[in-house]
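Written out below as structure tokens is the structure these notes cover.
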Amino acid sequence: MSEKKLTKPAKPQAPKGEDAPNPAWFKPLMFGFMLLGLVWIITYYVTSAQFPLGAGTPWNLENWNILIGFGISMVGFMMSTRWK
């Protein structure tokens, strides 16, 4: 009689590098940046340029608030290109 070697089935390997799925915090953070930028811009327009960083603060950024809001949103959109 011949003896058969019993081998264990191969365990599935976790993907590494580019194939790895995103961590659980990635999607909420991505959408959070998009919404925070939108809220920043809406707040700036609704308050007639007084907030979030308007005339009542030491940092009178005036129309730079629009750029700040779009910049925050763009971080979220750039993260969406890495979403899996």
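In the structure tokens, the first chain shown is A, the next is B, and so on; residue numbers restart at 1 for each chain, and ligands run from 1 in the order shown.
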
Got a sec: who's within 12 Å of region 78-81 of chain A, counting only C-alpha atoms, leaving out chain neighbours fewer than 6 positions off, as a list in words?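 Using only C-alpha atoms, the neighbours found are Asn22, Trp25, Phe26, Lys27, Pro28, Leu29, Met30, Phe31, Gly32, Phe33, Met34, Phe70, Gly71 and Ile72 of chain A.
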
I'd like to know which of A:Glu62, A:Trp83, A:Gly76, A:Lys8 is closest to Thr47 (chain A), using only C-alpha atoms.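 Of A:Glu62, A:Trp83, A:Gly76, A:Lys8, the one nearest Thr47 (chain A), counting only C-alpha atoms, is A:Glu62.
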
For Lys84 (chain A), the nearest of the candidates A:Ala24, A:Thr43, A:Asn63, A:Lys11, counting only C-alpha atoms: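 The closest residue to Lys84 (chain A) is A:Ala24.
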
Give the alpha helix (DSSP H) residues of region 2-83 of chain A, as assigned by DSSP on the backbone, as a short mmCIF file (atom, residue, chain, number, x, y, z; two decimals) with C-alpha atoms, in the first residue's frame.
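Result written to part26.cif:
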```cif
data_model
loop_
_atom_site.label_atom_id
_atom_site.label_comp_id
_atom_site.auth_asym_id
_atom_site.auth_seq_id
_atom_site.Cartn_x
_atom_site.Cartn_y
_atom_site.Cartn_z
CA PHE A 26 -11.30 55.65 4.84
CA LYS A 27 -14.82 56.09 3.44
CA PRO A 28 -16.25 58.14 6.34
CA LEU A 29 -13.18 60.39 6.30
CA MET A 30 -13.41 60.85 2.53
CA PHE A 31 -17.08 61.85 2.64
CA GLY A 32 -16.40 63.93 5.75
CA PHE A 33 -13.86 66.07 3.87
CA MET A 34 -16.28 66.53 0.98
CA LEU A 35 -19.11 67.59 3.28
CA LEU A 36 -16.91 69.81 5.46
CA GLY A 37 -15.75 71.74 2.40
CA LEU A 38 -19.32 72.14 1.21
CA VAL A 39 -20.50 73.31 4.64
CA TRP A 40 -17.56 75.75 4.79
CA ILE A 41 -18.55 77.37 1.47
CA ILE A 42 -22.28 77.42 2.27
CA THR A 43 -21.59 78.97 5.70
CA TYR A 44 -19.46 81.65 4.06
CA TYR A 45 -22.22 82.61 1.62
CA VAL A 46 -25.17 82.35 4.02
CA TRP A 64 -10.08 83.03 0.55
CA ASN A 65 -12.81 81.12 2.40
CA ILE A 66 -14.02 79.87 -0.98
CA LEU A 67 -10.56 78.51 -1.78
CA ILE A 68 -10.31 76.93 1.68
CA GLY A 69 -13.69 75.21 1.23
CA PHE A 70 -12.81 73.92 -2.23
CA GLY A 71 -9.41 72.78 -0.95
CA ILE A 72 -11.01 70.75 1.84
CA SER A 73 -13.46 69.22 -0.64
CA MET A 74 -10.65 68.42 -3.07
CA VAL A 75 -8.90 66.37 -0.39
CA GLY A 76 -12.04 64.20 -0.25
CA PHE A 77 -12.24 63.96 -4.03
CA MET A 78 -8.55 63.01 -4.25
CA MET A 79 -9.17 60.31 -1.65
CA SER A 80 -12.00 58.96 -3.83
#
```
